[in-house]
Every structure is written in C-alpha cells, then in structure tokens.
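Trainee: Got a structure for you, upload_24.tsv, holding TSV, C-alpha atoms.
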chain	number	residue	atom	x	y	z
A	1	MET	CA	-0.87	2.90	3.40
A	2	PHE	CA	-0.43	3.83	7.05
A	3	ILE	CA	3.21	3.45	8.16
A	4	ASP	CA	4.09	4.51	11.71
A	5	GLU	CA	7.73	3.36	11.94
A	6	ALA	CA	10.65	3.88	9.59
A	7	ASP	CA	14.43	3.52	9.59
A	8	ILE	CA	16.47	5.91	7.50
A	9	THR	CA	20.07	7.08	7.18
A	10	VAL	CA	20.71	10.80	6.94
A	11	VAL	CA	23.96	12.30	5.68
A	12	GLY	CA	25.03	15.91	5.98
A	13	GLY	CA	26.72	17.39	2.92
A	14	ALA	CA	30.52	17.48	2.81
A	15	GLY	CA	32.21	20.85	2.97
A	16	GLY	CA	34.04	22.11	-0.11
A	17	ASN	CA	37.84	22.15	-0.22
A	18	GLY	CA	39.86	25.30	0.30
A	19	CYS	CA	41.66	26.59	-2.77
A	20	VAL	CA	45.39	27.08	-3.45
A	21	SER	CA	45.69	30.01	-5.85
A	22	PHE	CA	47.96	33.03	-6.49
A	23	ARG	CA	47.18	36.36	-8.00
A	24	ARG	CA	48.12	36.67	-11.65
A	25	GLU	CA	47.68	40.32	-12.59
A	26	LYS	CA	49.45	42.57	-15.05
A	27	TYR	CA	51.91	44.93	-13.41
A	28	VAL	CA	51.76	42.92	-10.15
A	29	PRO	CA	54.96	40.84	-10.39
A	30	ARG	CA	54.70	39.39	-6.93
A	31	GLY	CA	51.03	38.56	-6.55
A	32	GLY	CA	50.22	36.85	-3.27
A	33	PRO	CA	47.90	33.98	-2.39
A	34	ASP	CA	44.22	34.47	-3.13
A	35	GLY	CA	42.67	31.02	-2.72
A	36	GLY	CA	39.16	31.19	-1.28
A	37	ASP	CA	37.42	29.00	1.30
A	38	GLY	CA	35.19	26.08	0.51
A	39	GLY	CA	31.47	26.30	1.17
A	40	ASP	CA	29.81	24.56	4.11
A	41	GLY	CA	27.86	21.40	3.45
A	42	GLY	CA	24.11	21.42	3.81
A	43	SER	CA	22.39	19.91	6.87
A	44	VAL	CA	19.49	17.47	7.09
A	45	TYR	CA	16.43	18.50	9.09
A	46	CYS	CA	13.27	16.70	10.15
A	47	HIS	CA	10.24	18.99	10.00
A	48	ALA	CA	6.79	18.37	11.49
A	49	ASP	CA	4.48	18.99	8.56
A	50	GLU	CA	0.70	19.04	9.15
A	51	SER	CA	0.04	17.94	5.57
A	52	VAL	CA	1.80	14.62	6.28
A	53	ASN	CA	-0.01	11.97	8.37
A	54	THR	CA	2.11	8.86	7.82
A	55	LEU	CA	5.74	7.80	7.37
A	56	TYR	CA	4.85	5.95	4.17
A	57	HIS	CA	6.95	8.32	2.02
A	58	LEU	CA	10.06	7.15	3.88
A	59	ALA	CA	9.46	3.45	3.27
A	60	GLY	CA	10.95	3.47	-0.22
A	61	ARG	CA	13.76	5.93	0.39
A	62	HIS	CA	16.23	4.91	3.08
A	63	HIS	CA	19.04	7.43	2.43
A	64	TRP	CA	18.64	11.18	2.66
A	65	ARG	CA	21.67	13.30	1.78
A	66	ALA	CA	22.07	17.09	1.86
A	67	GLY	CA	24.00	19.02	-0.79
A	68	ARG	CA	27.78	19.29	-0.60
A	69	GLY	CA	29.59	22.62	-0.45
A	70	GLY	CA	31.39	24.04	-3.47
A	71	HIS	CA	35.18	24.27	-3.58
A	72	GLY	CA	36.91	27.58	-2.99
A	73	MET	CA	38.26	29.48	-6.02
A	74	GLY	CA	40.88	32.04	-6.89
A	75	ARG	CA	40.45	35.75	-6.28
A	76	LYS	CA	39.32	34.86	-2.76
A	77	ARG	CA	36.03	33.53	-4.06
A	78	HIS	CA	34.11	31.48	-1.51
A	79	GLY	CA	32.56	28.18	-2.59
A	80	ARG	CA	28.78	28.02	-2.48
A	81	ASN	CA	27.17	26.51	0.59
A	82	GLY	CA	25.44	23.16	0.15
A	83	LYS	CA	21.65	23.04	0.05
A	84	ASP	CA	19.90	21.88	3.21
A	85	LEU	CA	17.55	18.89	2.97
A	86	VAL	CA	14.23	18.84	4.83
A	87	VAL	CA	12.55	15.51	5.60
A	88	PRO	CA	8.81	16.06	6.27
A	89	VAL	CA	7.30	13.95	9.04
A	90	PRO	CA	3.89	14.01	10.74
A	91	PRO	CA	3.51	15.97	13.99
A	92	GLY	CA	3.93	13.52	16.85
A	93	THR	CA	7.02	11.81	15.39
A	94	LEU	CA	9.76	10.70	17.76
A	95	ILE	CA	13.26	10.95	16.28
A	96	HIS	CA	15.60	8.28	17.69
A	97	ASP	CA	19.36	8.02	17.12
A	98	ALA	CA	19.44	4.29	16.37
A	99	ASP	CA	23.13	3.81	17.22
A	100	ARG	CA	23.11	5.65	20.55
A	101	ASP	CA	19.54	4.64	21.46
A	102	VAL	CA	18.56	8.16	22.48
A	103	VAL	CA	15.67	10.41	21.51
A	104	LEU	CA	16.92	13.41	19.57
A	105	LYS	CA	13.57	15.19	19.42
A	106	ASP	CA	9.87	14.68	19.95
A	107	LEU	CA	8.23	16.71	17.19
A	108	VAL	CA	4.88	17.21	18.88
A	109	GLN	CA	4.10	20.72	17.64
A	110	PRO	CA	3.36	21.33	13.94
A	111	GLY	CA	6.17	23.34	12.40
A	112	GLY	CA	8.77	21.94	14.78
A	113	ARG	CA	12.17	21.21	13.30
A	114	VAL	CA	15.39	19.52	14.38
A	115	CYS	CA	18.78	19.16	12.71
A	116	VAL	CA	19.52	15.42	12.49
A	117	ALA	CA	22.74	15.53	10.45
A	118	ALA	CA	24.97	18.60	10.37
A	119	GLY	CA	26.86	19.50	7.23
A	120	GLY	CA	30.65	19.59	7.21
A	121	ARG	CA	32.52	22.87	7.39
A	122	GLY	CA	34.25	24.14	4.29
A	123	GLY	CA	38.04	24.03	4.03
A	124	ILE	CA	40.27	27.09	4.31
A	125	GLY	CA	41.99	28.61	1.27
A	126	ASN	CA	45.68	29.44	1.15
A	127	VAL	CA	45.01	33.16	1.57
A	128	HIS	CA	44.70	32.48	5.30
A	129	PHE	CA	48.14	30.90	5.56
A	130	ALA	CA	50.18	33.88	4.35
A	131	THR	CA	52.60	35.43	6.87
A	132	SER	CA	55.48	37.88	6.68
A	133	THR	CA	57.91	34.97	6.50
A	134	HIS	CA	55.75	32.64	4.43
A	135	GLN	CA	54.40	34.70	1.56
A	136	THR	CA	53.67	31.91	-0.95
A	137	PRO	CA	51.77	29.31	1.06
A	138	ARG	CA	50.63	26.27	-0.85
A	139	GLU	CA	48.51	24.97	1.99
A	140	ALA	CA	44.76	24.66	2.05
A	141	THR	CA	42.51	22.43	4.10
A	142	PRO	CA	39.97	19.97	2.73
A	143	GLY	CA	36.31	20.26	3.57
A	144	GLU	CA	34.98	18.23	6.49
A	145	SER	CA	32.68	15.27	5.97
A	146	GLY	CA	29.03	15.70	6.89
A	147	GLN	CA	27.51	13.94	9.88
A	148	ILE	CA	26.03	10.49	9.27
A	149	ARG	CA	23.21	9.17	11.45
A	150	ARG	CA	20.94	6.16	11.42
A	151	LEU	CA	17.49	7.21	12.60
A	152	HIS	CA	14.49	5.29	13.83
A	153	LEU	CA	11.30	7.31	13.39
A	154	GLU	CA	8.25	6.43	15.45
A	155	LEU	CA	4.90	8.11	14.97
A	156	LYS	CA	2.52	8.59	17.89
A	157	LEU	CA	-0.74	10.15	16.79
A	158	ILE	CA	-1.92	13.26	18.62
A	159	ALA	CA	-5.58	13.17	19.65
A	160	ASP	CA	-7.83	14.35	22.49
A	161	VAL	CA	-9.72	11.07	22.90
A	162	GLY	CA	-8.44	7.54	22.40
A	163	LEU	CA	-10.92	4.71	21.78
A	164	VAL	CA	-10.08	1.38	23.42
A	165	GLY	CA	-12.02	-1.85	23.72
A	166	ARG	CA	-12.31	-5.38	22.45
A	167	PRO	CA	-12.74	-6.15	18.75
A	168	ASN	CA	-16.26	-5.38	17.52
A	169	ALA	CA	-17.07	-3.15	20.48
A	170	GLY	CA	-18.32	-0.56	17.98
A	171	LYS	CA	-15.37	1.84	18.00
A	172	SER	CA	-15.19	2.30	14.24
A	173	THR	CA	-18.97	2.65	13.97
A	174	LEU	CA	-18.89	5.40	16.59
A	175	LEU	CA	-16.07	7.25	14.81
A	176	ARG	CA	-17.97	7.08	11.51
A	177	ARG	CA	-21.11	8.43	13.19
A	178	LEU	CA	-19.38	11.31	14.95
A	179	SER	CA	-16.85	12.41	12.32
A	180	ALA	CA	-16.04	12.41	8.62
A	181	ALA	CA	-13.54	9.58	9.11
A	182	ARG	CA	-14.44	6.38	7.29
A	183	PRO	CA	-12.83	3.41	9.03
A	184	LYS	CA	-13.89	0.00	7.80
A	185	VAL	CA	-16.87	-1.54	9.59
A	186	ALA	CA	-17.67	-5.26	9.43
A	187	ALA	CA	-19.03	-8.03	11.62
A	188	TYR	CA	-15.75	-9.81	12.27
A	189	PRO	CA	-12.81	-9.21	14.64
A	190	PHE	CA	-9.94	-6.90	13.73
A	191	THR	CA	-11.82	-5.02	11.02
A	192	THR	CA	-9.67	-2.03	11.98
A	193	LEU	CA	-6.10	-2.76	10.92
A	194	GLU	CA	-4.54	0.65	11.49
A	195	PRO	CA	-5.18	3.76	13.62
A	196	VAL	CA	-7.74	6.25	12.32
A	197	LEU	CA	-8.21	9.87	13.34
A	198	GLY	CA	-11.51	11.74	13.18
A	199	ILE	CA	-12.57	15.29	14.09
A	200	VAL	CA	-15.76	15.42	16.14
A	201	GLU	CA	-17.77	18.65	15.84
A	202	LEU	CA	-19.78	19.83	18.86
A	203	SER	CA	-22.20	22.71	19.16
A	204	GLY	CA	-20.81	26.21	19.57
A	205	GLY	CA	-17.91	25.65	17.18
A	206	ARG	CA	-16.21	23.22	19.55
A	207	ARG	CA	-14.27	20.24	18.27
A	208	LEU	CA	-12.17	17.36	19.51
A	209	VAL	CA	-9.94	14.81	17.81
A	210	MET	CA	-10.69	11.13	18.34
A	211	ALA	CA	-8.34	8.20	17.60
A	212	ASP	CA	-9.45	4.63	16.94
A	213	ILE	CA	-7.00	1.71	17.17
A	214	PRO	CA	-7.45	-2.02	16.49
A	215	GLY	CA	-9.34	-3.91	19.17
A	216	LEU	CA	-7.50	-5.36	22.15
A	217	ILE	CA	-7.64	-8.97	23.28
A	218	GLU	CA	-6.17	-10.80	26.24
A	219	GLY	CA	-2.37	-10.83	25.99
A	220	ALA	CA	-2.27	-7.74	23.77
A	221	HIS	CA	0.61	-6.25	25.80
A	222	ARG	CA	2.66	-9.35	24.89
A	223	GLY	CA	1.83	-9.07	21.18
A	224	ALA	CA	-1.41	-11.03	20.90
A	225	GLY	CA	-3.69	-9.67	18.21
A	226	LEU	CA	-2.92	-6.26	16.70
A	227	GLY	CA	-3.48	-3.83	19.55
A	228	ASP	CA	0.03	-3.83	21.04
A	229	ALA	CA	1.49	-2.47	17.81
A	230	PHE	CA	-0.78	0.57	18.02
A	231	LEU	CA	-1.21	1.25	21.74
A	232	ARG	CA	1.47	3.93	21.50
A	233	HIS	CA	-0.94	5.97	19.37
A	234	ILE	CA	-3.17	6.61	22.37
A	235	GLU	CA	-0.30	7.42	24.76
A	236	ARG	CA	-0.60	11.09	23.81
A	237	THR	CA	-4.38	11.23	24.21
A	238	ARG	CA	-5.79	13.16	27.16
A	239	VAL	CA	-8.74	10.88	27.90
A	240	LEU	CA	-9.67	7.29	27.05
A	241	LEU	CA	-13.14	6.24	25.95
A	242	HIS	CA	-13.34	2.61	26.99
A	243	MET	CA	-16.07	1.05	24.87
A	244	VAL	CA	-17.80	-2.08	26.13
A	245	ASP	CA	-20.32	-4.10	24.11
A	246	LEU	CA	-23.43	-4.34	26.30
A	247	CYS	CA	-24.60	-7.46	24.45
A	248	PRO	CA	-21.47	-9.41	23.53
A	249	PRO	CA	-21.92	-12.75	21.72
A	250	ASP	CA	-19.56	-14.32	24.27
A	251	GLY	CA	-18.36	-13.45	27.74
A	252	ASP	CA	-19.42	-10.88	30.30
A	253	PRO	CA	-19.19	-7.08	29.69
A	254	ALA	CA	-17.76	-6.41	33.17
A	255	GLU	CA	-15.08	-9.07	32.68
A	256	HIS	CA	-14.26	-7.61	29.27
A	257	CYS	CA	-13.88	-4.20	30.89
A	258	ARG	CA	-11.50	-5.53	33.57
A	259	GLN	CA	-9.53	-7.46	30.97
A	260	ILE	CA	-8.88	-4.41	28.80
A	261	ASN	CA	-7.86	-2.31	31.82
A	262	GLY	CA	-5.46	-5.08	32.80
A	263	GLU	CA	-3.87	-4.99	29.35
A	264	LEU	CA	-3.48	-1.21	29.59
A	265	ARG	CA	-1.75	-1.53	32.98
A	266	GLU	CA	0.60	-4.21	31.67
A	267	TYR	CA	1.48	-2.09	28.66
A	268	SER	CA	1.96	1.22	30.48
A	269	PRO	CA	0.91	2.35	33.96
A	270	ASP	CA	0.84	5.92	32.66
A	271	LEU	CA	-1.57	4.96	29.91
A	272	ALA	CA	-3.79	3.06	32.35
A	273	GLY	CA	-3.78	6.10	34.66
A	274	LYS	CA	-5.29	8.46	32.11
A	275	PRO	CA	-8.82	9.74	32.73
A	276	GLN	CA	-11.23	7.12	31.42
A	277	ILE	CA	-14.90	7.18	30.50
A	278	VAL	CA	-16.63	3.82	30.18
A	279	GLY	CA	-19.12	3.77	27.33
A	280	GLY	CA	-21.71	1.02	26.93
A	281	SER	CA	-22.24	0.58	23.19
A	282	LYS	CA	-25.07	-0.89	21.13
A	283	LEU	CA	-27.83	0.45	23.36
A	284	ASP	CA	-30.30	-0.25	20.55
A	285	LEU	CA	-30.05	-4.05	20.97
A	286	THR	CA	-32.52	-6.12	22.98
A	287	GLY	CA	-31.35	-6.59	26.56
A	288	SER	CA	-28.78	-3.80	26.33
A	289	ARG	CA	-30.40	-1.62	29.01
A	290	GLN	CA	-30.28	-4.45	31.53
A	291	GLY	CA	-26.68	-5.01	30.46
A	292	LEU	CA	-25.94	-1.32	31.10
A	293	GLU	CA	-27.24	-1.56	34.65
A	294	ARG	CA	-25.28	-4.75	35.36
A	295	LEU	CA	-22.08	-3.29	33.94
A	296	ALA	CA	-22.32	-0.21	36.15
A	297	GLU	CA	-23.12	-2.35	39.19
A	298	ASP	CA	-20.35	-4.91	38.58
A	299	THR	CA	-17.62	-2.36	37.81
A	300	GLY	CA	-18.66	0.29	40.31
A	301	VAL	CA	-18.20	3.11	37.77
A	302	GLU	CA	-20.58	5.33	35.89
A	303	VAL	CA	-21.28	3.95	32.42
A	304	VAL	CA	-22.49	6.18	29.60
A	305	GLY	CA	-24.85	4.21	27.37
A	306	PHE	CA	-25.24	5.06	23.71
A	307	SER	CA	-26.07	3.70	20.28
A	308	ALA	CA	-23.98	4.72	17.28
A	309	ALA	CA	-26.64	3.15	15.06
A	310	THR	CA	-29.58	5.28	16.26
A	311	GLY	CA	-27.67	8.23	17.75
A	312	GLU	CA	-29.18	7.78	21.20
A	313	GLY	CA	-26.90	9.07	23.95
A	314	LEU	CA	-24.23	10.46	21.62
A	315	GLU	CA	-24.75	14.09	22.60
A	316	ALA	CA	-24.44	13.20	26.28
A	317	LEU	CA	-21.32	11.18	25.51
A	318	THR	CA	-19.55	13.93	23.58
A	319	GLU	CA	-20.49	16.55	26.17
A	320	ARG	CA	-19.08	14.30	28.88
A	321	LEU	CA	-15.84	13.97	26.95
A	322	TRP	CA	-15.67	17.73	26.51
A	323	ARG	CA	-16.13	18.35	30.22
A	324	VAL	CA	-13.27	16.00	31.06
A	325	LEU	CA	-11.04	17.68	28.49
A	326	HIS	CA	-12.03	21.17	29.61
A	327	PRO	CA	-12.86	21.01	33.33
In structure tokens, how does this file's structure come out?
Mentor:
Amino acid sequence: MFIDEADITVVGGAGGNGCVSFRREKYVPRGGPDGGDGGDGGSVYCHADESVNTLYHLAGRHHWRAGRGGHGMGRKRHGRNGKDLVVPVPPGTLIHDADRDVVLKDLVQPGGRVCVAAGGRGGIGNVHFATSTHQTPREATPGESGQIRRLHLELKLIADVGLVGRPNAGKSTLLRRLSAARPKVAAYPFTTLEPVLGIVELSGGRRLVMADIPGLIEGAHRGAGLGDAFLRHIERTRVLLHMVDLCPPDGDPAEHCRQINGELREYSPDLAGKPQIVGGSKLDLTGSRQGLERLAEDTGVEVVGFSAATGEGLEALTERLWRVLHP
C-alpha cells in the first residue's frame, strides 16, 4: 500500500544515572569515591533509504524509542551508551516538527540522515564530587531524559518528468509502454489511485524517471477528485508532460488543457511555472490528427502527438523530454 504521509512520536533514550560508590580494598582503610558516570541515551535518526519507497511501515508503529543509557558502576566504570535507533524513510521525505510547525530536514538525497530526537546525557558519578575538604561525597546526578518530538512525515516523490492531465488522458498507458511500471489501466475515471514511478530507457544508456499521478479535474486544487492529494509528488519534477486526449468523449481538448493549467496555477505558481511539454495522446484514433492541429492552433503551443497503443511518436516525445532536461 502506498502511504505518503505519517505521524509518529520519536523519543531519545534516557541517560543512565551516575553512581555513588566507595573503594573497598584490602589494606586501603580510607578508600575514596569511585562511582562511575552513566551512559548517554541513544538518539533517533531518520535516514533516506533507497530500498524504501513508501511510509507504509510507519502506519502501524507510531512510537519510536532509542535505547537508554546504562547506570554508572563502582570502580569508576562507565555505564554503556544507549543504542541509536534509525527510522528508514524514502528519499524525498520532508521531516516536520508537528508542534513547532517547522521543517527539520528535507531528505532529498539518498543516504541523507538527520537526528530527530537526541538522547539524554548520562549522570555524573560521585568520583567527580571529591575535594580536599569533601572526601566522601555521596552526590551523583541522574541521567537526563531523552528528547521527545512529534513528527509529521510527508513524502514527495523525486522524478525527472511529471505526468499531468485529466482522467483517462492515457498517462498510465504511456508509463506502461515506456517503462517496466505497471499502473492499472481501465476505461473509467480515476483508475490511478496513487502515484507511480517508472524508469524510461533511451538509446545510448540514457534514462529518465517519470511519475504518474491521478487525473486532475476542475476544482482539484480545492480537493475535488484525487489529484490535489498527490500534486505535491510532481513539485520536485523538472519538467511536466501535460497529456491531452485528442479525441475526448466530452469537451474540447484546448479547454481541457487550459483547465488543467488553471488548476496547477491555483495549487502552486511554482509548479505551474515549470517547463511543460504538451502531448496529444491517442493519435491512433480516427480524427485525432485533425484534433492535434486544432489543439496546437487553439493553444498557440507546439503539441507533440503520439500513440502509446501503437508506439507512434514515442521516440520523438522521449527525445524532446531529454532535450528539455539536458539543454
């Protein structure tokens, strides 16, 4: 199951207590203090792990606690340090402090790591309190509590190309044709219920990552349909492939194109300002070539026509995407 948001509580381990102890050795009648320090508590880290692609593993576990430090012991023995806890998250995860409403870290790069809850320091043993006038100290300090934080984790997929368009514009069909990804394809709206990533291989060992999200409808930026919940997944993309059905069962392709761009602007001006290629899909259908000409004329932009069913125009489309990504 694809989960792109999660709320968890992380707790750093408590530090161990300092020890009150005195030397007890034969032939040493006045043994001094020898209580050791407590160990430090372990810390909690979030780590961007490439083998993880969803926050699903966090859905059933809401509390993450690092190991506590061991107590100090006699003979100046130091308590063991608590074990750190690492929470794996997908690259592209935003770590929010839910109480302060601030972003602690944006783990964009694989292997990135951030401490989200520091462990408490260990207490001090009585060996540190001995002075020339106070030779039998019975003082020691307790270990500090670990840091507690409520986190909101938000995943934004990292891809080169983001597919946008109305439901049934052919986005999932295109992704299936170009990559090994297998999103569901069916002849009804909102077949795609969650974002899907696919790797598109080009000649010469080149590759690009493409992201498909559920189709957008009018009012998507206000929550209509499913698209608003997933638009954040294309905020990190470098170029948008705006797919328009050249032979829609209802409405006008140019109006559909303007409608989707309007939703993008309402959602985020930065997202709407990304480089965009308009692709006319379903070029294999009767009347599609006339529709391609009208769409280009009505929108005033170049439209790349293609058919995911027959493969026509796909090489030109992917090469165009590559040129935009690598000018």
Trainee: Closest to Thr173 of chain A among A:Leu55, A:Val196, A:Leu208, A:Cys257, using only C-alpha atoms?
Mentor: A:Val196
Trainee: Hey, what's within 10 Å of segment 136-147 of chain A if we count only C-alpha atoms and toss same-chain stuff fewer than 5 positions away? As a short mmCIF file (atom, residue, chain, number, x, y, z; two decimals) with C-alpha atoms, in the frame of the given file, please?
Mentor:
data_model
loop_
_atom_site.label_atom_id
_atom_site.label_comp_id
_atom_site.auth_asym_id
_atom_site.auth_seq_id
_atom_site.Cartn_x
_atom_site.Cartn_y
_atom_site.Cartn_z
CA VAL A 10 20.71 10.80 6.94
CA VAL A 11 23.96 12.30 5.68
CA GLY A 12 25.03 15.91 5.98
CA GLY A 13 26.72 17.39 2.92
CA ALA A 14 30.52 17.48 2.81
CA GLY A 15 32.21 20.85 2.97
CA GLY A 16 34.04 22.11 -0.11
CA ASN A 17 37.84 22.15 -0.22
CA GLY A 18 39.86 25.30 0.30
CA CYS A 19 41.66 26.59 -2.77
CA VAL A 20 45.39 27.08 -3.45
CA SER A 21 45.69 30.01 -5.85
CA PHE A 22 47.96 33.03 -6.49
CA ARG A 30 54.70 39.39 -6.93
CA GLY A 31 51.03 38.56 -6.55
CA GLY A 32 50.22 36.85 -3.27
CA PRO A 33 47.90 33.98 -2.39
CA GLY A 35 42.67 31.02 -2.72
CA GLY A 36 39.16 31.19 -1.28
CA ASP A 37 37.42 29.00 1.30
CA GLY A 38 35.19 26.08 0.51
CA GLY A 39 31.47 26.30 1.17
CA ASP A 40 29.81 24.56 4.11
CA GLY A 41 27.86 21.40 3.45
CA GLY A 42 24.11 21.42 3.81
CA SER A 43 22.39 19.91 6.87
CA VAL A 44 19.49 17.47 7.09
CA ARG A 65 21.67 13.30 1.78
CA ALA A 66 22.07 17.09 1.86
CA GLY A 67 24.00 19.02 -0.79
CA ARG A 68 27.78 19.29 -0.60
CA GLY A 69 29.59 22.62 -0.45
CA GLY A 70 31.39 24.04 -3.47
CA HIS A 71 35.18 24.27 -3.58
CA GLY A 72 36.91 27.58 -2.99
CA VAL A 116 19.52 15.42 12.49
CA ALA A 117 22.74 15.53 10.45
CA ALA A 118 24.97 18.60 10.37
CA GLY A 119 26.86 19.50 7.23
CA GLY A 120 30.65 19.59 7.21
CA ARG A 121 32.52 22.87 7.39
CA GLY A 122 34.25 24.14 4.29
CA GLY A 123 38.04 24.03 4.03
CA ILE A 124 40.27 27.09 4.31
CA GLY A 125 41.99 28.61 1.27
CA ASN A 126 45.68 29.44 1.15
CA VAL A 127 45.01 33.16 1.57
CA HIS A 128 44.70 32.48 5.30
CA PHE A 129 48.14 30.90 5.56
CA ALA A 130 50.18 33.88 4.35
CA THR A 131 52.60 35.43 6.87
#
Trainee: May I have the residues within 7 Å of Gly305 of chain A as a ChimeraX atom specification, using only C-alpha atoms and disregarding those fewer than 2 positions away in the same chain?
Mentor: /A:279-281,283,292,303,313
Trainee: Residues at most 8 Å from segment 95-109 of chain A, counting only C-alpha atoms, excluding those fewer than 3 positions away in the same chain, as number ranges by chain?
Mentor: A: 47-48, 91-92, 112-114, 116, 149-154, 158
Trainee: Please indicate the distance in Å from atom CA of Val278 of chain A to atom CA of Gly205 of chain A, rounded to one decimal place.
Mentor: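 These two atoms are separated by 25.4 Å.
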Trainee: Between A:Cys247, A:Ala59, A:Met73, A:Val239, which one has atoms that come closest to His326 of chain A, using only C-alpha atoms?
Mentor: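 Of A:Cys247, A:Ala59, A:Met73, A:Val239, the one nearest His326 of chain A is A:Val239, counting only C-alpha atoms.
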Trainee: Have a look at atom CA of Leu178 of chain A and atom CA of Ala308 of chain A and let me know their distance in Å, one decimal.
Mentor: 8.4 Å
Trainee: Would you mind reading off the distance between atom CA of Thr54 of chain A and atom CA of Val324 of chain A, one decimal, in Å?
Mentor: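 Spanning atom CA of Thr54 of chain A to atom CA of Val324 of chain A is a straight-line distance of 28.8 Å.
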